[in-house]
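Enquirer: Before I ask anything, let me first share the structure, which is written out below as structure tokens.
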2 protein chains.
Amino acid sequence: MLAEQRQSLITAMVNQRGSLSITEIQRKLKVSRETIRRDLLLLADRNLLRKTHGGALSLERSEPEIAVREEINADAKRAIGRLAASLVPDGASVILATSSTVQRVADTLLARQGLTVFTNSIAICSKLAGHNKNRVYLLGGEVQAINGATLGRDATAMLSHYFADFAFVGAGAISPNAWVMDFTREEGELHGLMLQSARTAVVVADHSKFSRYAPVRVGNLEKVTHLVTDRPPDPPMAAALAALPLELLVADGQPQPERK
Amino acid sequence: MLAEQRQSLITAMVNQRGSLSITEIQRKLKVSRETIRRDLLLLADRNLLRKTHGGALSLERSEPEIAVREEINADAKRAIGRLAASLVPDGASVILATSSTVQRVADTLLARQGLTVFTNSIAICSKLAGHNKNRVYLLGGEVQAINGATLGRDATAMLSHYFADFAFVGAGAISPNAWVMDFTREEGELHGLMLQSARTAVVVADHSKFSRYAPVRVGNLEKVTHLVTDRPPDPPMAAALAALPLELLVADGQPQPERK
DNA sequence: TCAAGATGCCACAAAATACAACATATTAAC
DNA sequence: GTTAATATGTTGTATTTTGTGGCATCTTGA
């Protein structure tokens with residue numbers, strides 16, 4: 001790739017995402033850290049972007065990125081994400097919902113090649129699009145400012161045209177009788193459809209979600225094939241889960257022996 | 001192979017791909033590196049392409065936006081954006097395409113209240129969502145990494161369910177006979193549909209787009225009600241535009257007197 | 001506060017490319 | 001066919017770009 005091409009690509013990516021770290025750029029372009037740093041210095045000199053510690057900011061955007069939410073249980077979510085993503089081989093098609101845990105799945109999927117991704121999360125889309133020959137399809141719909149997700153009839157209508165190898169969905173809560181629950185109806189509807197639209201349907205949820213309630217029941221829990229979490233659930237919860245034909249994967253230290 | 005044949009082949013390849021390295025050219029043509037270099041020097045001298053270290057860039061196809069050019073017309077685009085956005089009142093519904101000029105329209109629209117926005121641009125979506133009680137609908141589709149736009153049948157299918165007060169669309173080029181042109185078929189199709197899906201259909205284009213060509217003709221130019229630019233077009237272009245029932249708005253200093 | 005890890009920065013090495021000079025091949029004109 | 005003109009290939013050196021490693025500096029989290 002030509003130097004100028006690389007530089008305008010960097011500019012475009014930074015402008016599109018609002019900001020970009022050198023490490024992220026390095027993952028996409030196969031050049032050394034120093035080269036990128038030199039490119040950023042040059043571009044910053046021409047006032048095409050603003051250089052910061054570790055990356056660059058776009059001059060285009062007046063509003064900063066959608067605020068990064070305070071991550072609770074960040075370590076647990078990372079571990080869950082790694083384990084869940086390990087199910088996915090190169091070239092697979094994957095549905096990814098909007099959730100902080102699912103985003104950790106996407107982090108690990110950065111290492112995969114040639115994925116076909118369906119998601120309603122703008123953040124996940126930005127992360128995976130244009131990377132390792134991935135094809136990313138963003139579901140349409142009304143944008144929720146709070147988390148950068150698209151929702152609504154448009155999203156479900158579009159998703160209904162597709163079917164994938166894997167679906168990864170977070171849960172607002174998992175009730176004591178093993179229902180997956182969400183906070184809004186639209187969210188619940190989309191998540192239910194996502195789980196129906198893949199051969200392997202995975203719910204990711206850290207332990208804080210167990211034995212709790214949320215207002216909306218996500219349909220078709222029977223379709224869930226895997227539940228990935230970070231701690232073995234307490235006995236009643238475990239019993240409720242055991243009654244379902246799903247595989248429980250626990251991400252800390254020694255993974256649970258597989259059932260099925 | 002004759003020299004001229006080879007040179008026009010190189011020009012064609014560069015224009016098709018947007019850029020080409022000498023090594024790539026060498027792989028296709030069985031001639032020495034020096035010959036290619038000399039060809040490129042000659043072609044660059046005739047302004048048929050731009051030579052860079054290691055290869056050449058197309059002049060025609062400013063599609064993989066050459067960052068420098070983007071910066072050169074930045075002021076013009078800002079002015080166009082302000083003028084175009086001035087058409088829009090609070091509470092209106094607006095369709096916004098993906099383009100750097102349309103993004104300047106969005107900048108000004110930040111000051112509006114309660115807009116309903118339809119867009120296929122992730123950047124515009126991030127800018128307007130969650131602001132001033134706006135409702136933002138992101139069109140679904142396959143994500144183009146280069147500009148963060150969604151395109152394809154999903155996008156057109158979703159848009160076809162809506163109709164807005166305004167549509168703002170950029171142009172890849174405006175041909176001498178006043179066709180709006182774009183670089184890819186999918187882009188052209190979506191832009192055409194956008195212009196059909198609003199009562200007031202606005203094309204924004206800085207002067208550098210006039211009297212140029214791009215590969216795809218955007219349909220339904222007749223539906224365009226306004227063309228916003230930064231300089232009065234040259235006489236032949238102006239004549240071609242005058243034959244159409246559209247209002248020409250020029251953004252520098254004193255806006256053109258309104259016609260119609 | 002510290003320590004560890006990430007990042008910045010510098011100098012030099014390595015690689016790729018540009019350029020110039022000359023040799024060879026091809027073309028065109030006669 | 002010969003010859004001059006032009007084009008192409010080859011070679012060697014200069015220049016530019018990129019990579020690498022060492023070390024300083026910053027950030028972050030305990």
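Chain labels follow the order of the structure tokens: the first chain is A, the next B, and so on; residue numbering restarts at 1 in every chain, and ligands are counted from 1 in their shown order.
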Which of range 75-258 of chain B end up as alpha helix (DSSP H) when DSSP is run on this backbone - answer as an NGL selection string?
Expert: :B and (75-85 or 100-109 or 122-128 or 153-159 or 185-196 or 235-242)
Enquirer: Give me the residues of chain C that have any atom at most 10 Å from an atom of chain B; for each, the nearest atom pair and the distance in Å, rounded to one decimal. Use only C-alpha atoms (C1' of nucleotides), sort by chain and number, and format it as CSV.
Expert:
residue,atom,partner,partner_atom,distance
C:DA16,C1',B:Gly54,CA,8.3
C:DT17,C1',B:Gly54,CA,6.3
C:DA18,C1',B:His53,CA,8.4
C:DC19,C1',B:Glu34,CA,9.9
Enquirer: Restrict the selected residues to C-alpha atoms (C1' of nucleotides) and save them as an mmCIF file, in the first residue's frame.
Expert:
data_model
loop_
_atom_site.group_PDB
_atom_site.id
_atom_site.type_symbol
_atom_site.label_atom_id
_atom_site.label_comp_id
_atom_site.auth_asym_id
_atom_site.auth_seq_id
_atom_site.Cartn_x
_atom_site.Cartn_y
_atom_site.Cartn_z
ATOM 1 C "C1'" DA C 16 12.331 -0.029 -1.071
ATOM 2 C "C1'" DT C 17 12.383 3.333 -4.395
ATOM 3 C "C1'" DA C 18 14.282 7.213 -7.362
ATOM 4 C "C1'" DC C 19 17.490 8.714 -10.455
#
Enquirer: With 12 Å as the limit and counting only C-alpha atoms (C1' of nucleotides), what residues in chain D lie close to chain A? Please list them as a ChimeraX atom specification.
Expert: /D:16-21,25-27
Enquirer: If the cut-off is 9 Å, can you tell me the residues of chain A near chain B, counting only C-alpha atoms? I'd like them as a ChimeraX atom specification.
Expert: /A:1-5,7-9,11-13,15-18,46-48,60-66,118,120,122,125-126,129-131,135-146,148,150,154-155,157-158
Enquirer: Any idea what's packed within 12 Å of DC30 in chain C, counting only C-alpha atoms (C1' of nucleotides), ignoring anything in its chain fewer than 6 positions away? Could you give it as a VMD selection string?
Expert: chain D and resid 1 to 4
Enquirer: Skip DA11 in chain C itself and residues of its chain fewer than 2 positions away, then list as a list of chain:residue names all residues within 10 Å of it, counting only C-alpha atoms (C1' of nucleotides).
Expert: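 Here the answer would be C:DC9, C:DA13, D:DG21, D:DG22.
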Enquirer: Fewer than 4 positions away in the same chain doesn't count, so skip those; otherwise give me all residues within 10 Å of range 25-29 of chain C, counting only C-alpha atoms (C1' of nucleotides), as a compact mmCIF listing (two decimals) with C-alpha atoms (C1' of nucleotides), in the first residue's frame.
Expert:
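The resulting file, selection-v4.txt, is shown below:
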# COMPACT_ATOMS: atom_id res chain seq x y z
C1' DT D 3 20.98 3.46 -40.03
C1' DA D 4 19.35 6.83 -36.95
C1' DA D 5 16.12 7.56 -33.51
C1' DT D 6 13.70 6.01 -29.93
C1' DA D 7 12.48 2.85 -26.41
C1' DT D 8 13.72 -0.44 -23.02
C1' DG D 9 16.71 -2.90 -19.92
